[in-house]
file data25.cif (mmCIF, C-alpha atoms)
data_work
loop_
_atom_site.group_PDB
_atom_site.id
_atom_site.type_symbol
_atom_site.label_atom_id
_atom_site.label_comp_id
_atom_site.auth_asym_id
_atom_site.auth_seq_id
_atom_site.Cartn_x
_atom_site.Cartn_y
_atom_site.Cartn_z
ATOM 1 C CA MET A 1 -28.988 -19.465 -48.641
ATOM 2 C CA LYS A 2 -29.138 -20.922 -45.121
ATOM 3 C CA ILE A 3 -32.079 -23.187 -44.371
ATOM 4 C CA TRP A 4 -33.186 -24.596 -41.022
ATOM 5 C CA ILE A 5 -35.420 -27.652 -40.808
ATOM 6 C CA TYR A 6 -37.315 -29.463 -38.097
ATOM 7 C CA LEU A 7 -36.607 -33.161 -38.432
ATOM 8 C CA ASN A 8 -36.817 -36.131 -36.056
ATOM 9 C CA GLY A 9 -37.994 -33.836 -33.274
ATOM 10 C CA LEU A 10 -34.871 -31.668 -33.589
ATOM 11 C CA GLN A 11 -34.270 -28.261 -35.066
ATOM 12 C CA GLN A 12 -31.365 -28.632 -37.456
ATOM 13 C CA GLY A 13 -29.338 -26.417 -39.688
ATOM 14 C CA PRO A 14 -28.348 -24.202 -41.221
ATOM 15 C CA TYR A 15 -28.082 -26.234 -44.406
ATOM 16 C CA THR A 16 -27.387 -25.170 -47.940
ATOM 17 C CA ILE A 17 -29.826 -26.196 -50.665
ATOM 18 C CA ASP A 18 -27.405 -28.915 -51.745
ATOM 19 C CA GLN A 19 -27.069 -30.369 -48.248
ATOM 20 C CA LEU A 20 -30.832 -30.283 -47.936
ATOM 21 C CA ARG A 21 -31.259 -32.470 -51.006
ATOM 22 C CA LEU A 22 -29.537 -35.277 -49.147
ATOM 23 C CA LEU A 23 -31.983 -35.207 -46.239
ATOM 24 C CA PRO A 24 -35.262 -37.133 -46.055
ATOM 25 C CA LEU A 25 -37.522 -34.119 -46.467
ATOM 26 C CA THR A 26 -41.260 -34.673 -46.849
ATOM 27 C CA PRO A 27 -43.714 -32.028 -48.144
ATOM 28 C CA GLU A 28 -44.793 -31.478 -44.514
ATOM 29 C CA THR A 29 -41.307 -31.039 -42.994
ATOM 30 C CA PRO A 30 -41.199 -27.557 -41.389
ATOM 31 C CA VAL A 31 -38.488 -25.386 -42.892
ATOM 32 C CA TRP A 32 -37.342 -21.814 -42.353
ATOM 33 C CA TYR A 33 -34.954 -19.462 -44.110
ATOM 34 C CA GLU A 34 -34.451 -15.690 -44.090
ATOM 35 C CA GLY A 35 -37.502 -14.250 -45.837
ATOM 36 C CA LEU A 36 -40.090 -16.679 -44.532
ATOM 37 C CA PRO A 37 -42.250 -15.176 -41.783
ATOM 38 C CA GLU A 38 -42.239 -18.426 -39.800
ATOM 39 C CA TRP A 39 -41.815 -22.189 -40.025
ATOM 40 C CA THR A 40 -43.401 -23.370 -43.272
ATOM 41 C CA PRO A 41 -44.105 -26.850 -44.643
ATOM 42 C CA ALA A 42 -41.431 -27.634 -47.237
ATOM 43 C CA ALA A 43 -44.000 -27.953 -50.022
ATOM 44 C CA GLN A 44 -45.091 -24.341 -49.422
ATOM 45 C CA ALA A 45 -41.627 -22.784 -49.107
ATOM 46 C CA PRO A 46 -40.896 -21.156 -52.496
ATOM 47 C CA ALA A 47 -37.241 -22.202 -52.567
ATOM 48 C CA ILE A 48 -37.991 -25.871 -52.030
ATOM 49 C CA ALA A 49 -41.580 -26.312 -53.194
ATOM 50 C CA ALA A 50 -40.488 -27.128 -56.755
ATOM 51 C CA TRP A 51 -38.952 -30.399 -55.575
ATOM 52 C CA PHE A 52 -42.352 -31.659 -54.534
ATOM 53 C CA SER A 53 -44.565 -30.287 -57.306
ATOM 54 C CA GLY A 54 -42.531 -32.121 -59.921
ATOM 55 C CA GLY A 55 -43.094 -35.398 -58.157
ATOM 56 C CA ASP A 56 -39.398 -35.377 -57.396
ATOM 57 C CA VAL A 57 -39.855 -36.194 -53.708
ATOM 58 C CA VAL A 58 -36.653 -36.924 -51.856
ATOM 59 C CA ALA A 59 -37.873 -40.164 -50.352
ATOM 60 C CA PRO A 60 -35.779 -42.247 -47.981
ATOM 61 C CA ALA A 61 -34.079 -44.391 -50.593
ATOM 62 C CA PRO A 62 -33.574 -47.969 -49.456
ATOM 63 C CA SER A 63 -29.950 -48.949 -49.634
ATOM 64 C CA GLU A 64 -28.611 -52.440 -50.002
ATOM 65 C CA THR A 65 -25.297 -51.441 -48.455
ATOM 66 C CA ASP A 66 -26.899 -49.981 -45.342
ATOM 67 C CA ALA A 67 -26.748 -52.429 -42.473
ATOM 68 C CA THR A 68 -28.518 -50.251 -39.882
ATOM 69 C CA PRO A 69 -31.789 -48.960 -41.279
ATOM 70 C CA ALA A 70 -32.989 -48.215 -37.752
ATOM 71 C CA SER A 71 -31.135 -44.919 -37.518
ATOM 72 C CA GLY A 72 -33.430 -43.145 -39.938
ATOM 73 C CA GLN A 73 -31.793 -39.890 -40.926
ATOM 74 C CA GLN A 74 -28.227 -41.071 -40.769
ATOM 75 C CA SER A 75 -28.859 -44.088 -42.998
ATOM 76 C CA VAL A 76 -30.511 -42.010 -45.671
ATOM 77 C CA TYR A 77 -27.683 -39.564 -45.487
ATOM 78 C CA THR A 78 -24.941 -42.097 -46.004
ATOM 79 C CA ALA A 79 -26.916 -43.933 -48.638
ATOM 80 C CA SER A 80 -27.462 -40.999 -50.938
ATOM 81 C CA ALA A 81 -24.502 -38.744 -50.151
ATOM 82 C CA ALA A 82 -21.078 -38.902 -51.615
ATOM 83 C CA PRO A 83 -18.653 -40.281 -49.007
ATOM 84 C CA SER A 84 -16.761 -37.005 -48.961
ATOM 85 C CA ALA A 85 -19.850 -34.890 -48.226
ATOM 86 C CA PRO A 86 -19.277 -32.882 -45.037
ATOM 87 C CA GLU A 87 -21.495 -33.564 -42.051
ATOM 88 C CA PRO A 88 -24.062 -30.751 -41.891
ATOM 89 C CA PRO A 89 -23.854 -28.779 -38.662
ATOM 90 C CA VAL A 90 -26.587 -29.127 -36.065
ATOM 91 C CA VAL A 91 -27.630 -26.008 -34.168
ATOM 92 C CA GLU A 92 -27.752 -26.510 -30.432
ATOM 93 C CA ARG A 93 -30.061 -24.634 -28.132
ATOM 94 C CA ARG A 94 -28.585 -21.722 -26.237
ATOM 95 C CA PRO A 95 -27.323 -22.923 -22.852
ATOM 96 C CA PRO A 96 -28.974 -21.027 -19.985
ATOM 97 C CA THR A 97 -27.396 -17.650 -19.203
ATOM 98 C CA TYR A 98 -29.141 -17.417 -15.787
ATOM 99 C CA MET A 99 -29.499 -13.701 -16.481
ATOM 100 C CA VAL A 100 -32.771 -13.492 -14.522
ATOM 101 C CA TRP A 101 -31.241 -14.911 -11.343
ATOM 102 C CA CYS A 102 -28.037 -12.887 -11.678
ATOM 103 C CA ILE A 103 -29.919 -9.604 -12.021
ATOM 104 C CA LEU A 104 -32.306 -10.442 -9.177
ATOM 105 C CA LEU A 105 -29.394 -11.315 -6.888
ATOM 106 C CA THR A 106 -27.590 -8.108 -7.817
ATOM 107 C CA VAL A 107 -30.499 -5.791 -7.007
ATOM 108 C CA LEU A 108 -31.769 -7.750 -4.003
ATOM 109 C CA CYS A 109 -28.747 -9.227 -2.289
ATOM 110 C CA CYS A 110 -25.797 -7.382 -3.659
ATOM 111 C CA SER A 111 -23.413 -10.165 -4.358
ATOM 112 C CA PRO A 112 -20.281 -9.483 -6.390
ATOM 113 C CA LEU A 113 -20.592 -13.145 -7.387
ATOM 114 C CA ALA A 114 -23.865 -12.350 -9.151
ATOM 115 C CA LEU A 115 -22.143 -9.567 -11.076
ATOM 116 C CA ALA A 116 -19.445 -12.050 -12.071
ATOM 117 C CA GLY A 117 -22.279 -14.367 -13.125
ATOM 118 C CA ILE A 118 -23.671 -11.729 -15.452
ATOM 119 C CA ILE A 119 -20.249 -11.477 -17.076
ATOM 120 C CA THR A 120 -19.731 -15.231 -17.516
ATOM 121 C CA GLY A 121 -23.308 -15.589 -18.757
ATOM 122 C CA ALA A 122 -22.667 -12.818 -21.257
ATOM 123 C CA ILE A 123 -19.488 -14.438 -22.548
ATOM 124 C CA SER A 124 -21.292 -17.774 -22.750
ATOM 125 C CA SER A 125 -24.001 -16.181 -24.847
ATOM 126 C CA SER A 126 -21.457 -14.581 -27.151
ATOM 127 C CA ARG A 127 -19.663 -17.907 -27.622
ATOM 128 C CA TYR A 128 -23.014 -19.428 -28.507
ATOM 129 C CA ASN A 129 -23.648 -16.702 -31.066
ATOM 130 C CA GLU A 130 -20.251 -17.498 -32.587
ATOM 131 C CA GLY A 131 -21.181 -21.170 -32.823
ATOM 132 C CA ARG A 132 -18.675 -22.289 -30.156
ATOM 133 C CA TYR A 133 -21.178 -24.455 -28.318
ATOM 134 C CA ASP A 134 -18.695 -26.273 -26.057
ATOM 135 C CA ALA A 135 -17.273 -23.059 -24.660
ATOM 136 C CA ALA A 136 -20.805 -21.701 -24.274
ATOM 137 C CA ARG A 137 -21.856 -24.737 -22.264
ATOM 138 C CA ARG A 138 -18.803 -24.589 -19.992
ATOM 139 C CA LEU A 139 -19.347 -20.901 -19.269
ATOM 140 C CA SER A 140 -23.022 -21.539 -18.628
ATOM 141 C CA GLU A 141 -21.999 -24.097 -16.001
ATOM 142 C CA ALA A 142 -19.557 -21.611 -14.497
ATOM 143 C CA THR A 143 -22.420 -19.129 -14.232
ATOM 144 C CA GLU A 144 -24.530 -21.742 -12.513
ATOM 145 C CA TRP A 145 -21.779 -22.325 -9.961
ATOM 146 C CA LEU A 146 -21.303 -18.619 -9.309
ATOM 147 C CA LEU A 147 -25.032 -18.368 -8.614
ATOM 148 C CA ILE A 148 -24.978 -21.351 -6.260
ATOM 149 C CA LEU A 149 -22.024 -19.815 -4.407
ATOM 150 C CA ALA A 150 -23.785 -16.446 -4.244
ATOM 151 C CA ILE A 151 -26.889 -18.046 -2.741
ATOM 152 C CA VAL A 152 -24.871 -20.134 -0.281
ATOM 153 C CA PHE A 153 -22.968 -17.037 0.857
ATOM 154 C CA ALA A 154 -26.226 -15.130 1.211
ATOM 155 C CA ILE A 155 -27.680 -17.896 3.373
ATOM 156 C CA ILE A 156 -24.526 -18.022 5.513
ATOM 157 C CA GLY A 157 -24.410 -14.224 5.668
ATOM 158 C CA LEU A 158 -28.015 -13.839 6.803
ATOM 159 C CA PRO A 159 -27.516 -14.866 10.473
ATOM 160 C CA VAL A 160 -24.194 -13.005 10.510
ATOM 161 C CA THR A 161 -25.798 -9.697 9.514
ATOM 162 C CA LEU A 162 -28.699 -10.282 11.892
ATOM 163 C CA ALA A 163 -26.250 -10.920 14.730
ATOM 164 C CA MET A 164 -24.083 -7.916 13.814
ATOM 165 C CA SER A 165 -26.994 -5.494 13.748
ATOM 166 C CA ASN A 166 -28.609 -6.823 16.924
ATOM 167 C CA LEU A 167 -25.646 -7.328 19.212
ATOM 168 C CA MET B 168 -18.288 -31.710 -14.946
ATOM 169 C CA SER B 169 -18.494 -34.231 -12.122
ATOM 170 C CA LEU B 170 -18.928 -31.329 -9.712
ATOM 171 C CA SER B 171 -22.315 -30.682 -11.247
ATOM 172 C CA ALA B 172 -23.469 -34.078 -10.060
ATOM 173 C CA ILE B 173 -23.609 -33.030 -6.412
ATOM 174 C CA LEU B 174 -26.890 -32.123 -4.846
ATOM 175 C CA PRO B 175 -27.554 -28.383 -5.250
ATOM 176 C CA ALA B 176 -26.897 -28.317 -8.974
ATOM 177 C CA ARG B 177 -28.983 -31.405 -9.595
ATOM 178 C CA LEU B 178 -31.864 -30.096 -7.556
ATOM 179 C CA TRP B 179 -31.715 -26.847 -9.487
ATOM 180 C CA ARG B 180 -31.620 -28.555 -12.866
ATOM 181 C CA ARG B 181 -34.035 -31.357 -12.366
ATOM 182 C CA HIS B 182 -36.725 -29.394 -10.618
ATOM 183 C CA PRO B 183 -36.323 -25.826 -11.864
ATOM 184 C CA ARG B 184 -39.981 -25.095 -11.191
ATOM 185 C CA VAL B 185 -39.880 -26.422 -7.633
ATOM 186 C CA VAL B 186 -36.795 -24.328 -6.876
ATOM 187 C CA ALA B 187 -38.333 -21.247 -8.492
ATOM 188 C CA THR B 188 -41.588 -21.740 -6.570
ATOM 189 C CA ALA B 189 -39.744 -22.185 -3.269
ATOM 190 C CA ALA B 190 -37.767 -19.007 -3.942
ATOM 191 C CA LEU B 191 -40.974 -17.161 -4.802
ATOM 192 C CA VAL B 192 -42.751 -18.343 -1.640
ATOM 193 C CA ALA B 193 -39.765 -17.403 0.539
ATOM 194 C CA GLY B 194 -39.597 -14.032 -1.218
ATOM 195 C CA CYS B 195 -43.293 -13.355 -0.634
ATOM 196 C CA ALA B 196 -43.036 -14.334 3.041
ATOM 197 C CA PHE B 197 -40.096 -11.968 3.406
ATOM 198 C CA ALA B 198 -42.003 -9.187 1.616
ATOM 199 C CA VAL B 199 -44.881 -9.578 4.070
ATOM 200 C CA LEU B 200 -42.401 -9.329 6.950
ATOM 201 C CA LEU B 201 -41.002 -6.140 5.392
ATOM 202 C CA ALA B 202 -44.447 -4.663 4.832
ATOM 203 C CA VAL B 203 -45.710 -5.391 8.324
ATOM 204 C CA CYS B 204 -42.626 -4.862 10.500
ATOM 205 C CA GLY B 205 -40.714 -2.325 8.428
ATOM 206 C CA THR B 206 -36.967 -2.429 7.889
ATOM 207 C CA ASP B 207 -36.088 -1.551 11.499
ATOM 208 C CA SER B 208 -37.251 -4.923 12.728
ATOM 209 C CA PRO B 209 -34.448 -6.988 14.287
ATOM 210 C CA TRP B 210 -35.519 -9.830 11.954
ATOM 211 C CA VAL B 211 -34.739 -7.862 8.824
ATOM 212 C CA PRO B 212 -31.089 -8.345 7.805
ATOM 213 C CA LYS B 213 -28.775 -5.450 7.035
ATOM 214 C CA CYS B 214 -26.575 -5.397 3.967
ATOM 215 C CA LEU B 215 -23.297 -7.079 4.885
ATOM 216 C CA PHE B 216 -21.387 -4.968 2.348
ATOM 217 C CA HIS B 217 -22.784 -1.769 3.853
ATOM 218 C CA THR B 218 -22.158 -2.923 7.422
ATOM 219 C CA VAL B 219 -18.520 -3.711 6.687
ATOM 220 C CA THR B 220 -17.530 -0.931 4.268
ATOM 221 C CA GLY B 221 -20.076 1.798 4.994
ATOM 222 C CA LEU B 222 -20.655 2.114 1.245
ATOM 223 C CA ASP B 223 -23.901 1.534 -0.609
ATOM 224 C CA CYS B 224 -24.007 -1.563 -2.823
ATOM 225 C CA PRO B 225 -26.202 -1.711 -5.955
ATOM 226 C CA GLY B 226 -28.881 -3.493 -3.915
ATOM 227 C CA CYS B 227 -28.853 -1.191 -0.879
ATOM 228 C CA GLY B 228 -32.269 0.334 -0.292
ATOM 229 C CA SER B 229 -34.130 -2.549 -1.901
ATOM 230 C CA GLN B 230 -35.671 -3.686 1.370
ATOM 231 C CA ARG B 231 -36.787 -0.160 2.235
ATOM 232 C CA ALA B 232 -38.089 0.219 -1.322
ATOM 233 C CA ILE B 233 -40.164 -2.969 -1.158
ATOM 234 C CA SER B 234 -41.446 -2.050 2.282
ATOM 235 C CA ALA B 235 -42.439 1.415 1.028
ATOM 236 C CA LEU B 236 -44.150 0.012 -2.072
ATOM 237 C CA LEU B 237 -46.185 -2.475 -0.064
ATOM 238 C CA ASN B 238 -47.337 0.367 2.172
ATOM 239 C CA GLY B 239 -48.404 2.385 -0.842
ATOM 240 C CA HIS B 240 -45.587 4.925 -0.829
ATOM 241 C CA PHE B 241 -44.713 4.732 -4.527
ATOM 242 C CA SER B 242 -42.495 7.787 -4.766
ATOM 243 C CA GLU B 243 -40.409 6.701 -1.765
ATOM 244 C CA ALA B 244 -40.228 3.185 -3.179
ATOM 245 C CA TRP B 245 -38.677 4.529 -6.371
ATOM 246 C CA HIS B 246 -36.185 6.800 -4.598
ATOM 247 C CA PHE B 247 -34.906 4.210 -2.114
ATOM 248 C CA ASN B 248 -33.501 2.142 -4.973
ATOM 249 C CA PRO B 249 -34.501 2.847 -8.597
ATOM 250 C CA ALA B 250 -32.091 0.101 -9.708
ATOM 251 C CA LEU B 251 -34.332 -2.480 -8.051
ATOM 252 C CA TRP B 252 -37.335 -1.625 -10.224
ATOM 253 C CA ILE B 253 -35.323 -1.262 -13.422
ATOM 254 C CA GLY B 254 -33.532 -4.521 -12.637
ATOM 255 C CA LEU B 255 -36.830 -6.322 -12.074
ATOM 256 C CA CYS B 256 -38.073 -5.138 -15.487
ATOM 257 C CA VAL B 257 -34.883 -6.301 -17.214
ATOM 258 C CA ALA B 258 -35.009 -9.646 -15.388
ATOM 259 C CA ALA B 259 -38.640 -10.061 -16.488
ATOM 260 C CA LEU B 260 -37.571 -9.465 -20.097
ATOM 261 C CA TYR B 261 -34.969 -12.211 -19.864
ATOM 262 C CA ALA B 262 -37.493 -14.502 -18.195
ATOM 263 C CA VAL B 263 -40.003 -14.006 -21.011
ATOM 264 C CA PHE B 264 -37.352 -14.473 -23.726
ATOM 265 C CA PRO B 265 -34.994 -17.301 -22.697
ATOM 266 C CA GLY B 266 -33.235 -17.054 -26.056
ATOM 267 C CA LYS B 267 -34.039 -20.593 -27.127
ATOM 268 C CA SER B 268 -36.133 -20.033 -30.216
ATOM 269 C CA GLN B 269 -34.551 -21.088 -33.455
ATOM 270 C CA PRO B 270 -34.237 -18.983 -35.562
ATOM 271 C CA PRO B 271 -33.876 -16.293 -32.876
ATOM 272 C CA LYS B 272 -36.522 -13.595 -32.621
ATOM 273 C CA ARG B 273 -35.439 -9.998 -33.069
ATOM 274 C CA VAL B 274 -35.905 -9.201 -29.355
ATOM 275 C CA GLU B 275 -33.687 -12.146 -28.436
ATOM 276 C CA ARG B 276 -31.006 -11.084 -30.875
ATOM 277 C CA ILE B 277 -30.896 -7.764 -29.005
ATOM 278 C CA LEU B 278 -31.177 -9.213 -25.471
ATOM 279 C CA TYR B 279 -28.386 -11.732 -26.033
ATOM 280 C CA SER B 280 -26.050 -9.452 -27.938
ATOM 281 C CA PRO B 281 -22.730 -8.406 -26.354
ATOM 282 C CA VAL B 282 -23.924 -4.795 -26.392
ATOM 283 C CA ALA B 283 -26.846 -5.606 -24.082
ATOM 284 C CA PHE B 284 -24.651 -7.444 -21.573
ATOM 285 C CA ILE B 285 -21.988 -4.752 -21.563
ATOM 286 C CA ALA B 286 -24.734 -2.160 -21.035
ATOM 287 C CA ILE B 287 -26.046 -4.079 -17.996
ATOM 288 C CA VAL B 288 -22.625 -4.469 -16.372
ATOM 289 C CA VAL B 289 -21.695 -0.839 -17.053
ATOM 290 C CA ALA B 290 -25.068 0.312 -15.686
ATOM 291 C CA ILE B 291 -24.603 -1.615 -12.435
ATOM 292 C CA ILE B 292 -21.055 -0.349 -11.898
ATOM 293 C CA THR B 293 -21.977 3.238 -12.812
ATOM 294 C CA TRP B 294 -24.961 3.173 -10.463
ATOM 295 C CA THR B 295 -22.827 1.859 -7.584
ATOM 296 C CA VAL B 296 -20.133 4.475 -8.073
ATOM 297 C CA TRP B 297 -22.609 7.305 -8.628
ATOM 298 C CA ARG B 298 -24.729 6.630 -5.549
ATOM 299 C CA ASN B 299 -21.627 6.596 -3.356
ATOM 300 C CA ILE B 300 -20.110 9.860 -4.570
ATOM 301 C CA ALA B 301 -23.330 11.814 -5.171
#
call {"tool": "encode", "arguments": {"input": "data25.cif", "output": "C-alpha cells"}}
result
Amino acid sequence: MKIWIYLNGLQQGPYTIDQLRLLPLTPETPVWYEGLPEWTPAAQAPAIAAWFSGGDVVAPAPSETDATPASGQQSVYTASAAPSAPEPPVVERRPPTYMVWCILLTVLCCSPLALAGIITGAISSSRYNEGRYDAARRLSEATEWLLILAIVFAIIGLPVTLAMSNL
Amino acid sequence: MSLSAILPARLWRRHPRVVATAALVAGCAFAVLLAVCGTDSPWVPKCLFHTVTGLDCPGCGSQRAISALLNGHFSEAWHFNPALWIGLCVAALYAVFPGKSQPPKRVERILYSPVAFIAIVVAIITWTVWRNIA
C-alpha cells in the first residue's frame, strides 16, 4: 500500500507501511492512501489508527548519538532506522506546463512556438508522471522559454504587420 | 539555468499575478478597439502568417470573431474561428486545474495524461489543415 503524508509543511510519499513506522507521525498528521476520500488524521485512517489506539505512538525518540536534533524529521529517521534503510522518496509538485498560455497564444496569435510549447509542456508532464522530476523541470523551463520567445516575436511582429497592411 | 536569471523570466516568475493582470488589461483594451473600430481599422494588426503565406493559421479569424461577439453577432463569432472558443474553454480548464494537488484529482489525471496532450496537438494541426483545404 502506498501512503502519502503531510509533514513539516510538505506533502511526502508515497511510503510503505514499514517506511511510515520510521517517521514521526502524530495522531493528527494528515495521511492519504487509495481508498480514503481525502486527507485524514492518522488516528482516523483505518490502516494506521491501530498504532495510536494501543498507545504505541511513534514519538520522536531522543537519540544520544544524534548530534543535530534541530533537523527534526531527519534526526528521528536516522535515530530509529536501520542504517541500510533506503531514503523514502519525496513527491515534488508538478512543474508548470504553461498549457493555458500556450493554448491562448495558439488561438490568438498563431505562433508555431506556442505549438512547440504545448509539446514540450506535454512531455514535461509525462516525465513528471513517470517520476522523472529533473527532466520534467528542464522541459518546463524550455516551455517557459518558448513562450517568452513567442511573445517577443509577437511584439516585434506587431508593427511589422501594421506597416505591411498599411503601406 | 543561468539564462533564467535574466529579466523577462524573473519578472514572469516572481510576479505571475502582475504579468497576468497586465496581459488581461492589454487584452481588454485591444478587445474594446476591436469592438469599436472593427477589424478593418489600420490599428488592428493582420496575421503575419496569413500575410506572408496566404494560408489560414489556427488563430486566423480570432480578431473578427471577438469583434463579432462584442457586437452581439454570436453566430458569426462562432463561424469566424470556432477553435478560438474551444481553445478558450480548454485553457480555462487548465487554469482551474493546475495539476498540483497531491494526490492528483481525477480531472487532473485526465488533463495531464499523454492522451489529452496528443489530442490537443492533433486537433490544432487537423483544424489548420482542414480549414485550408475545405
call {"tool": "residues_around", "arguments": {"input": "data25.cif", "residues": "Leu215 of chain B", "least_positions_apart": "6", "cutoff": "10 Å", "atoms": "all atoms listed in the file", "output": "list in words"}}
result
Cys109, Cys110, Ser111, Ala154, Gly157, Leu158, Val160, Thr161, Leu162, Met164 and Ser165 of chain A; Gly221, Cys224 and Cys227 of chain B
call {"tool": "resolve_selection", "arguments": {"input": "data25.cif", "expression": "the PyMOL selection byres ((chain B and resi 286-295) around 8)", "output": "MDAnalysis selection string"}}
result
(chainID A and resid 115 118:119) or (chainID B and resid 223:225 250 282:285 296:299)
call {"tool": "closest_atom_pairs", "arguments": {"input": "data25.cif", "of": "chain A", "to": "chain B", "cutoff": "9 Å", "atoms": "only C-alpha atoms", "output": "tab-separated table"}}
result
residue	atom	partner	partner_atom	distance
A:Trp4	CA	B:Pro270	CA	7.9
A:Gln11	CA	B:Gln269	CA	7.4
A:Trp32	CA	B:Pro270	CA	8.0
A:Tyr33	CA	B:Pro270	CA	8.6
A:Val91	CA	B:Gln269	CA	8.5
A:Arg93	CA	B:Lys267	CA	5.8
A:Arg94	CA	B:Lys267	CA	5.6
A:Pro95	CA	B:Lys267	CA	8.3
A:Pro96	CA	B:Pro265	CA	7.6
A:Thr97	CA	B:Pro265	CA	8.4
A:Tyr98	CA	B:Tyr261	CA	8.8
A:Met99	CA	B:Tyr261	CA	6.6
A:Val100	CA	B:Ala258	CA	4.5
A:Trp101	CA	B:Ala258	CA	7.6
A:Cys102	CA	B:Ala258	CA	8.5
A:Ile103	CA	B:Ala258	CA	6.1
A:Leu104	CA	B:Leu255	CA	6.8
A:Leu105	CA	B:Gly226	CA	8.4
A:Thr106	CA	B:Gly226	CA	6.2
A:Val107	CA	B:Gly226	CA	4.2
A:Leu108	CA	B:Gly226	CA	5.1
A:Cys109	CA	B:Gly226	CA	6.0
A:Cys110	CA	B:Gly226	CA	5.0
A:Ser111	CA	B:Gly226	CA	8.6
A:Leu115	CA	B:Val288	CA	7.4
A:Ile118	CA	B:Val288	CA	7.4
A:Ile119	CA	B:Val288	CA	7.4
A:Gly121	CA	B:Phe284	CA	8.7
A:Ala122	CA	B:Phe284	CA	5.7
A:Ile123	CA	B:Pro281	CA	7.8
A:Ser125	CA	B:Tyr279	CA	6.4
A:Ser126	CA	B:Pro281	CA	6.4
A:Asn129	CA	B:Ser280	CA	8.3
A:Arg138	CA	B:Met168	CA	8.7
A:Glu141	CA	B:Ser171	CA	8.1
A:Glu144	CA	B:Ala176	CA	7.8
A:Trp145	CA	B:Ala176	CA	7.9
A:Ile148	CA	B:Pro175	CA	7.6
A:Gly157	CA	B:Leu215	CA	7.3
A:Leu158	CA	B:Pro212	CA	6.4
A:Pro159	CA	B:Pro212	CA	7.9
A:Val160	CA	B:Leu215	CA	8.2
A:Thr161	CA	B:Pro212	CA	5.7
A:Leu162	CA	B:Pro212	CA	5.1
A:Ala163	CA	B:Pro212	CA	8.8
A:Met164	CA	B:Thr218	CA	8.3
A:Ser165	CA	B:Lys213	CA	6.9
A:Asn166	CA	B:Pro209	CA	6.4
call {"tool": "atom_distance", "arguments": {"input": "data25.cif", "atom1": "atom CA of Leu146 of chain A", "atom2": "atom CA of Ser124 of chain A"}}
result
13.5 Å
call {"tool": "residues_around", "arguments": {"input": "data25.cif", "residues": "segment 34-40 of chain A", "least_positions_apart": "5", "cutoff": "12 Å", "atoms": "all atoms listed in the file", "output": "list in words"}}
result
Met1, Lys2, Ile3, Trp4, Ile5, Tyr6, Gln11, Pro14, Pro27, Glu28, Thr29, Ala45, Pro46, Ala47, Ile48 and Ala49 of chain A; Ser268, Gln269, Pro270, Pro271 and Lys272 of chain B
call {"tool": "atom_distance", "arguments": {"input": "data25.cif", "atom1": "atom CA of Arg132 of chain A", "atom2": "atom CA of Leu113 of chain A"}}
result
24.6 Å
call {"tool": "atom_distance", "arguments": {"input": "data25.cif", "atom1": "atom CA of Ala114 of chain A", "atom2": "atom CA of Ala190 of chain B"}}
result
16.3 Å
call {"tool": "closest_residue", "arguments": {"input": "data25.cif", "among": "A:Gln12, A:Trp51, A:Glu92, A:Pro30", "to": "Arg137 of chain A", "atoms": "all atoms listed in the file"}}
result
A:Glu92
call {"tool": "closest_residue", "arguments": {"input": "data25.cif", "among": "A:Thr26, A:Ala116, A:Gly13, A:Ala43", "to": "Ala150 of chain A", "atoms": "only C-alpha atoms"}}
result
A:Ala116
call {"tool": "axis_aligned_box", "arguments": {"input": "data25.cif", "around": "segment 206-217 of chain B", "padding_each_side": "8 Å", "output": "JSON"}}
result
{"center_x": -29.3, "center_y": -5.7, "center_z": 8.3, "size_x": 31.9, "size_y": 24.3, "size_z": 27.9}
call {"tool": "build_atoms", "arguments": {"input": "data25.cif", "residues": "segment 239-249 of chain B", "atoms": "N, CA and C atoms", "output": "short mmCIF file (atom, residue, chain, number, x, y, z; two decimals), in the coordinates of the input"}}
result
data_model
loop_
_atom_site.label_atom_id
_atom_site.label_comp_id
_atom_site.auth_asym_id
_atom_site.auth_seq_id
_atom_site.Cartn_x
_atom_site.Cartn_y
_atom_site.Cartn_z
N GLY B 239 -47.76 1.42 0.03
CA GLY B 239 -48.40 2.38 -0.84
C GLY B 239 -47.63 3.66 -1.09
N HIS B 240 -46.37 3.71 -0.61
CA HIS B 240 -45.59 4.92 -0.83
C HIS B 240 -44.75 4.77 -2.09
N PHE B 241 -45.37 5.05 -3.25
CA PHE B 241 -44.71 4.73 -4.53
C PHE B 241 -43.50 5.60 -4.80
N SER B 242 -43.61 6.88 -4.50
CA SER B 242 -42.50 7.79 -4.77
C SER B 242 -41.27 7.40 -3.93
N GLU B 243 -41.51 7.13 -2.64
CA GLU B 243 -40.41 6.70 -1.76
C GLU B 243 -39.81 5.40 -2.29
N ALA B 244 -40.68 4.49 -2.70
CA ALA B 244 -40.23 3.18 -3.18
C ALA B 244 -39.25 3.36 -4.33
N TRP B 245 -39.57 4.29 -5.23
CA TRP B 245 -38.68 4.53 -6.37
C TRP B 245 -37.35 5.12 -5.91
N HIS B 246 -37.40 6.08 -4.97
CA HIS B 246 -36.18 6.80 -4.60
C HIS B 246 -35.25 5.99 -3.70
N PHE B 247 -35.79 5.03 -2.95
CA PHE B 247 -34.91 4.21 -2.11
C PHE B 247 -33.93 3.41 -2.97
N ASN B 248 -34.41 2.84 -4.06
CA ASN B 248 -33.50 2.14 -4.97
C ASN B 248 -34.13 1.97 -6.36
N PRO B 249 -33.94 2.96 -7.24
CA PRO B 249 -34.50 2.85 -8.60
C PRO B 249 -33.96 1.61 -9.33
#
